[in-house]
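File shown: final.txt (compact mmCIF, C-alpha atoms).
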# COMPACT_ATOMS: atom_id res chain seq x y z
CA MET T 1 -3.58 4.73 16.36
CA GLU T 2 -3.25 7.56 13.80
CA ALA T 3 -1.11 9.82 16.00
CA GLU T 4 1.15 6.97 17.11
CA LEU T 5 1.64 5.76 13.53
CA LYS T 6 2.39 9.28 12.31
CA LYS T 7 5.02 9.67 15.04
CA ALA T 8 6.56 6.25 14.30
CA LEU T 9 6.86 7.00 10.57
CA ALA T 10 8.34 10.44 11.25
CA GLN T 11 10.98 8.99 13.60
CA ARG T 12 12.22 6.18 11.38
CA LYS T 13 14.92 6.63 8.72
CA LYS T 14 13.32 6.14 5.31
CA ILE T 15 15.20 4.06 2.75
CA TYR T 16 15.39 5.87 -0.59
CA ILE T 17 16.22 4.02 -3.82
CA THR T 18 17.91 6.06 -6.52
CA ASP T 19 18.23 4.40 -9.93
CA ASN T 20 17.89 6.45 -13.10
CA SER T 21 17.15 3.29 -15.10
CA ARG T 22 13.88 2.83 -13.19
CA VAL T 23 10.63 4.81 -13.40
CA PRO T 24 9.46 6.78 -10.33
CA ALA T 25 5.98 5.84 -9.10
CA ALA T 26 3.90 6.31 -5.96
CA VAL T 27 1.07 4.53 -4.17
CA LEU T 28 -1.35 5.54 -1.46
CA ILE T 29 -2.11 3.18 1.42
CA PRO T 30 -5.58 4.35 2.44
CA ILE T 31 -6.63 3.34 5.97
CA TYR T 32 -10.05 3.97 7.47
CA LYS T 33 -11.76 3.22 10.77
CA ASP T 34 -15.18 1.59 10.76
CA ASN T 35 -16.97 0.50 13.96
CA GLY T 36 -13.69 0.78 15.88
CA GLU T 37 -11.78 -1.43 13.43
CA TYR T 38 -9.06 -0.23 11.04
CA ASN T 39 -9.16 -1.39 7.41
CA ILE T 40 -6.77 -1.00 4.45
CA VAL T 41 -7.98 -0.28 0.92
CA PHE T 42 -6.53 -2.23 -2.03
CA ILE T 43 -7.54 -2.46 -5.68
CA LYS T 44 -7.51 -5.31 -8.17
CA ARG T 45 -6.13 -4.04 -11.46
CA THR T 46 -7.89 -4.95 -14.71
CA MET T 47 -6.30 -7.21 -17.32
CA THR T 48 -6.33 -4.37 -19.88
CA ILE T 49 -3.87 -1.97 -18.24
CA LYS T 50 -0.23 -1.72 -19.34
CA SER T 51 1.46 -3.22 -16.27
CA HIS T 52 0.54 -5.21 -13.16
CA GLN T 53 -2.51 -6.70 -14.87
CA GLY T 54 -4.85 -8.55 -12.53
CA GLN T 55 -2.73 -7.84 -9.46
CA ILE T 56 -3.89 -6.65 -6.06
CA SER T 57 -2.16 -3.37 -5.28
CA PHE T 58 -2.57 -0.04 -3.58
CA PRO T 59 -4.00 2.80 -5.67
CA GLY T 60 -1.15 4.55 -7.49
CA GLY T 61 1.03 4.65 -10.54
CA MET T 62 3.75 6.33 -12.53
CA ARG T 63 4.79 9.91 -11.88
CA ASP T 64 3.55 12.33 -14.55
CA ASP T 65 5.46 15.41 -15.72
CA GLY T 66 2.70 17.57 -14.22
CA ASP T 67 3.11 16.09 -10.71
CA LYS T 68 4.98 18.45 -8.38
CA SER T 69 5.95 15.56 -6.10
CA LEU T 70 5.44 11.84 -5.61
CA TRP T 71 2.81 12.69 -2.99
CA ASP T 72 0.94 14.51 -5.77
CA THR T 73 1.32 11.38 -7.93
CA ALA T 74 -0.25 9.19 -5.22
CA LEU T 75 -3.14 11.64 -4.77
CA ARG T 76 -3.78 12.06 -8.50
CA GLU T 77 -3.72 8.32 -9.17
CA SER T 78 -6.01 7.59 -6.19
CA ASP T 79 -8.51 10.11 -7.50
CA GLU T 80 -8.32 8.67 -11.02
CA GLU T 81 -8.53 5.02 -9.94
CA ILE T 82 -11.01 5.01 -7.04
CA GLY T 83 -12.49 8.53 -6.86
CA LEU T 84 -10.67 9.42 -3.64
CA ARG T 85 -10.47 13.22 -3.57
CA SER T 86 -7.17 14.69 -2.34
CA ALA T 87 -9.00 17.05 0.03
CA ASP T 88 -10.30 13.96 1.89
CA VAL T 89 -6.87 12.39 2.38
CA ASN T 90 -4.99 12.92 5.66
CA LYS T 91 -1.29 12.12 5.15
CA ILE T 92 0.20 10.03 7.96
CA GLY T 93 3.68 9.45 6.57
CA GLU T 94 5.98 7.89 4.01
CA MET T 95 7.34 4.34 3.78
CA ASP T 96 10.59 2.96 2.31
CA ASP T 97 10.90 2.92 -1.48
CA GLU T 98 10.34 -0.49 -3.10
CA ILE T 99 11.32 -1.92 -6.49
CA THR T 100 8.69 -3.78 -8.51
CA THR T 101 9.64 -7.20 -9.90
CA THR T 102 7.28 -7.26 -12.90
CA SER T 103 7.88 -3.70 -14.12
CA ASN T 104 10.67 -1.17 -13.89
CA TYR T 105 9.30 1.05 -11.09
CA ILE T 106 10.67 2.51 -7.90
CA VAL T 107 7.55 2.88 -5.77
CA THR T 108 7.24 5.46 -2.99
CA PRO T 109 4.38 4.48 -0.64
CA PHE T 110 2.41 7.03 1.39
CA VAL T 111 0.22 6.08 4.35
CA ALA T 112 -3.00 8.08 4.78
CA MET T 113 -6.24 8.08 6.73
CA ILE T 114 -9.48 8.56 4.84
CA PRO T 115 -12.96 9.31 6.18
CA TRP T 116 -15.57 6.54 6.44
CA PRO T 117 -18.18 5.91 5.17
CA TYR T 118 -16.89 7.08 1.79
CA ARG T 119 -18.10 6.42 -1.75
CA LEU T 120 -15.10 4.91 -3.53
CA VAL T 121 -15.76 4.42 -7.24
CA PRO T 122 -13.51 2.10 -9.29
CA ASN T 123 -12.35 3.42 -12.67
CA GLN T 124 -13.60 0.57 -14.86
CA GLY T 125 -10.73 0.89 -17.33
CA GLU T 126 -8.10 0.36 -14.61
CA VAL T 127 -9.73 -1.18 -11.54
CA GLU T 128 -11.68 -4.45 -11.56
CA TYR T 129 -12.79 -4.01 -7.94
CA ILE T 130 -11.91 -2.36 -4.63
CA LEU T 131 -10.88 -4.65 -1.77
CA THR T 132 -10.90 -3.63 1.88
CA VAL T 133 -9.12 -5.85 4.41
CA PRO T 134 -9.31 -5.53 8.21
CA LEU T 135 -5.98 -4.59 9.74
CA LYS T 136 -6.34 -7.21 12.48
CA THR T 137 -6.65 -9.92 9.78
CA LEU T 138 -3.45 -8.76 8.07
CA LEU T 139 -1.62 -8.68 11.43
CA ASP T 140 -2.52 -12.35 11.97
CA LYS T 141 0.56 -14.38 10.96
CA GLU T 142 -1.71 -17.06 9.44
CA CYS T 143 -2.54 -14.57 6.69
CA ARG T 144 1.10 -14.50 5.43
CA LYS T 145 2.67 -17.43 3.56
CA PRO T 146 6.27 -17.84 2.30
CA GLU T 147 6.84 -17.65 -1.46
CA LYS T 148 9.60 -17.00 -3.97
CA GLU T 149 9.71 -14.30 -6.63
CA MET T 150 12.11 -13.12 -9.32
CA LEU T 151 13.93 -9.80 -8.82
CA ASP T 152 16.33 -8.65 -11.54
CA GLY T 153 16.64 -12.23 -12.82
CA GLU T 154 17.33 -13.78 -9.41
CA GLU T 155 14.97 -15.87 -7.32
CA ILE T 156 14.49 -14.34 -3.87
CA GLU T 157 12.68 -15.48 -0.73
CA SER T 158 9.43 -13.62 -0.39
CA PHE T 159 5.88 -14.04 0.91
CA ALA T 160 2.28 -13.23 0.09
CA TYR T 161 -0.82 -12.36 2.07
CA TYR T 162 -4.05 -14.29 1.55
CA TYR T 163 -7.51 -12.96 2.32
CA GLN T 164 -10.75 -14.69 1.30
CA GLY T 165 -9.06 -16.39 -1.65
CA THR T 166 -7.24 -13.24 -2.77
CA ARG T 167 -3.43 -13.20 -3.04
CA ILE T 168 -1.46 -10.02 -2.27
CA TRP T 169 2.14 -10.40 -3.44
CA GLY T 170 5.17 -8.61 -4.91
CA ALA T 171 6.01 -5.03 -4.02
CA THR T 172 2.55 -4.57 -2.46
CA ALA T 173 3.20 -7.45 -0.03
CA ARG T 174 6.68 -6.10 0.81
CA ILE T 175 5.31 -2.61 1.50
CA LEU T 176 2.48 -4.11 3.57
CA TYR T 177 4.93 -6.27 5.56
CA LYS T 178 6.96 -3.21 6.57
CA LEU T 179 3.87 -1.23 7.48
CA LEU T 180 2.42 -4.06 9.57
CA GLY T 181 5.76 -4.41 11.36
CA ILE T 182 5.61 -0.75 12.36
CA ILE T 183 1.95 -0.96 13.41
CA ALA T 184 2.56 -4.12 15.47
CA GLU T 185 5.14 -2.22 17.54
CA LEU T 186 2.85 0.72 18.33
CA PRO T 187 1.87 0.95 22.01
CA VAL T 188 -1.83 0.93 21.05
CA THR T 189 -1.60 -2.33 19.09
CA LYS T 190 1.00 -4.28 21.08
CA PRO T 191 -0.62 -7.07 23.11
CA ARG T 192 -0.53 -6.34 26.82
CA ARG T 193 1.35 -8.84 28.97
CA ASN T 194 -0.25 -10.02 32.18
CA PRO T 195 1.83 -9.10 35.23
Take the structure from the file and write it as structure tokens.
Amino acid sequence: MEAELKKALAQRKKIYITDNSRVPAAVLIPIYKDNGEYNIVFIKRTMTIKSHQGQISFPGGMRDDGDKSLWDTALRESDEEIGLRSADVNKIGEMDDEITTTSNYIVTPFVAMIPWPYRLVPNQGEVEYILTVPLKTLLDKECRKPEKEMLDGEEIESFAYYYQGTRIWGATARILYKLLGIIAELPVTKPRRNP
């Protein structure tokens, strides 16, 4: 799937959001393969951090002055938050920018493969726990439920993903929805039709 996903991301036209009133940020969407099954890594943020307290998200955060690029931001934050070393990250591609509803960020998501098994270590000051979810579970439409959320003071139609009592919502759910849509169309994941 890796090669097909890399090709699909490279061929699509990325949507960039430019807004100087918002803060640039980046997240990493780490994917690994275990016993033939693909899984996505999420984190649950602690209640003590500045923004997105208690939310399920991808590892990532605000761009620092020392970051050469948003890719560097995603790598640095992933190392800080879950101990994922940049040398172990294989970049697959970049997703559309997303705006967060509960903070003032423009988030650039990067998709990457990571080796497995791997010792991920949550930074206790920022990450309550690490959550891994099988890709096939996320692709199941029963996992996604309609919701509403506020964006710039307006209520918008949205959705959330549910896994073992955990709710994935907001910008993370919107990024995930787009990624799953791309993966579902890959030749390797599309269900075969009987002739």
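By only C-alpha atoms, and with residues fewer than 2 positions from region 143-152 of chain T along its chain excluded, the set lying at most 10 Å from it is Ile99, Thr100, Thr101, Thr102, Asn104, Thr137, Leu138, Leu139, Asp140, Lys141, Glu154, Glu155, Ile156, Glu157, Ser158, Phe159, Ala160, Tyr161, Tyr162, Tyr163, Gln164, Arg167, Ile168, Trp169, Gly170, Ala173 and Tyr177 of chain T.
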Specify the axis-aligned box that encloses all atoms of region 162-169 of chain T listed in the file after padding of 8 Å on each side, stating its centre and edge lengths in Å to one decimal as JSON.
{"center_x": -4.3, "center_y": -13.2, "center_z": -0.6, "size_x": 28.9, "size_y": 22.4, "size_z": 21.8}
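Across the structure, CA of Ile130 (chain T) and CA of Ala10 (chain T) are spaced 28.7 Å apart.
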Practice task
For each of T:Gln124, T:Met95, T:Pro109, T:Glu185, take the minimum atom-to-atom distance to Arg12 (chain T), counting all atoms listed in the file, then give the residue where this is smallest.
Solution key: T:Met95
Practice task
Can you work out which one of T:Ile92, T:Val23, T:Ile43, T:Ile29 has the shortest atom-to-atom distance to Gln55 (chain T), counting all atoms listed in the file?
Solution key: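 With all atoms listed in the file as the atom set, the closest residue is T:Ile43.
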Exercise for the section: For each of T:Leu120, T:Ala112, T:Ala87, T:Val127, take the minimum atom-to-atom distance to Leu9 (chain T), counting only C-alpha atoms, then give the residue where this is smallest. Expected result: T:Ala112
Handout entry: Counting only C-alpha atoms, the residue of T:Pro122, T:Pro134, T:Gly66, T:Pro30 that sits nearest Gly93 (chain T)
Key = T:Pro30
Problem - Option closest in space to Val89 (chain T), from T:Ile114, T:Met62, T:Leu179, T:Met1 [counting all atoms listed in the file] - result: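 With all atoms listed in the file as the atom set, the closest residue is T:Ile114.
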Handout entry: Separation of CA of Lys7 (chain T) from CA of Glu81 (chain T) in Å
Key =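 Distance reported for this atom pair: 28.8 Å.
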Completion exercise
The residue from T:Pro187, T:Gly181, T:Gly60, T:Pro24 with the smallest atom-to-atom distance to Ile106 (chain T), counting only C-alpha atoms, is T:Pro24
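In this structure, CA of Leu28 (chain T) sits 10.9 Å away from CA of Ile175 (chain T).
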Problem - 12 Å contact set for Ile82 (chain T), only C-alpha atoms, chain neighbours under 3 positions out, as a PyMOL selection string - result: chain T and resi 28+30+41-45+58-60+74-79+85-86+118-131
Selection from above, C-alpha atoms, as a CSV table (one decimal), in the frame of the given file, can you write it?
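Written output follows (out_18.csv):
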chain,number,residue,atom,x,y,z
T,28,LEU,CA,-1.4,5.5,-1.5
T,30,PRO,CA,-5.6,4.4,2.4
T,41,VAL,CA,-8.0,-0.3,0.9
T,42,PHE,CA,-6.5,-2.2,-2.0
T,43,ILE,CA,-7.5,-2.5,-5.7
T,44,LYS,CA,-7.5,-5.3,-8.2
T,45,ARG,CA,-6.1,-4.0,-11.5
T,58,PHE,CA,-2.6,0.0,-3.6
T,59,PRO,CA,-4.0,2.8,-5.7
T,60,GLY,CA,-1.2,4.6,-7.5
T,74,ALA,CA,-0.2,9.2,-5.2
T,75,LEU,CA,-3.1,11.6,-4.8
T,76,ARG,CA,-3.8,12.1,-8.5
T,77,GLU,CA,-3.7,8.3,-9.2
T,78,SER,CA,-6.0,7.6,-6.2
T,79,ASP,CA,-8.5,10.1,-7.5
T,85,ARG,CA,-10.5,13.2,-3.6
T,86,SER,CA,-7.2,14.7,-2.3
T,118,TYR,CA,-16.9,7.1,1.8
T,119,ARG,CA,-18.1,6.4,-1.8
T,120,LEU,CA,-15.1,4.9,-3.5
T,121,VAL,CA,-15.8,4.4,-7.2
T,122,PRO,CA,-13.5,2.1,-9.3
T,123,ASN,CA,-12.4,3.4,-12.7
T,124,GLN,CA,-13.6,0.6,-14.9
T,125,GLY,CA,-10.7,0.9,-17.3
T,126,GLU,CA,-8.1,0.4,-14.6
T,127,VAL,CA,-9.7,-1.2,-11.5
T,128,GLU,CA,-11.7,-4.4,-11.6
T,129,TYR,CA,-12.8,-4.0,-7.9
T,130,ILE,CA,-11.9,-2.4,-4.6
T,131,LEU,CA,-10.9,-4.6,-1.8
